[in-house]
Amino acid sequence: MQRTSLTTSSGWLLAAGVALAAIGLARTPQQGGNQGGGQGGNQGGTPGQGTTQALPLTPSGATADSNNRMIAVTGIDVTGTSILYLVDTVNYRLAVYQASGGSGSTQGLKLVGARRIDLDLLLDGLNDKSDYSYKKLRQMFEEQGLLPSAPPAGSAEVPVKEN
């Protein structure tokens with residue numbers, strides 16, 4: 001039985017890996033804090049409402065790499081622990097690991113979670129807080145003649161049974 005590919009290239013999966021890296025950077029605990037007269041002065045906001053200071057990214061920021069099969073993204077979670085996201089672009093699997101260092105008793109590697117993502121990648125949206133859903137945008141583009149009325153090549157429309 002031949003496996004049907006969900007995509008013609010894994011380039012978009014690399015983009016997903018980079019997005020995960022960005023999330024890891026955004027969730028990196030910020031050190032210091034704003035105690036008033038920060039180094040940068042008032043860098044935004046209205047004068048008289050305190051100061052806003054832009055904090056530099058930590059040197060242990062997120063990284064990502066890939067080959068023809070896997071995408072690996074590393075970062076730091078909100079507790080300061082190293083995190084590794086692995087995406088298998090052939091079998092459409094995601095695994096998340098947490099690694100902790102320190103003394104022998106605190107060192108370890110923990111599988112946080114794993115799942116198949118092949119069906120996830122077929123979703124048009126889930127918990128989407130966008131102004132326009134995918135289907136609404138597609139309809140608007142088709143009405144303006146910007147898209148053909150048939151689904152894009154390579155997309156798999158999965159019928160959803162409603163109860």
# chains A, B, ... in the order shown; residues from 1 in each chain; ligands from 1
>>> residues_around(residues="Gln107 (chain A)", least_positions_apart="4", cutoff="12 Å", atoms="only C-alpha atoms", output="number ranges by chain")
A: 81-82, 98-103
>>> atom_distance(atom1="CA of Val90 (chain A)", atom2="CA of Ser66 (chain A)")
12.3 Å
>>> closest_residue(among="A:Thr89, A:Gly104, A:Ser130, A:Pro148", to="Asn67 (chain A)", atoms="only C-alpha atoms")
A:Thr89
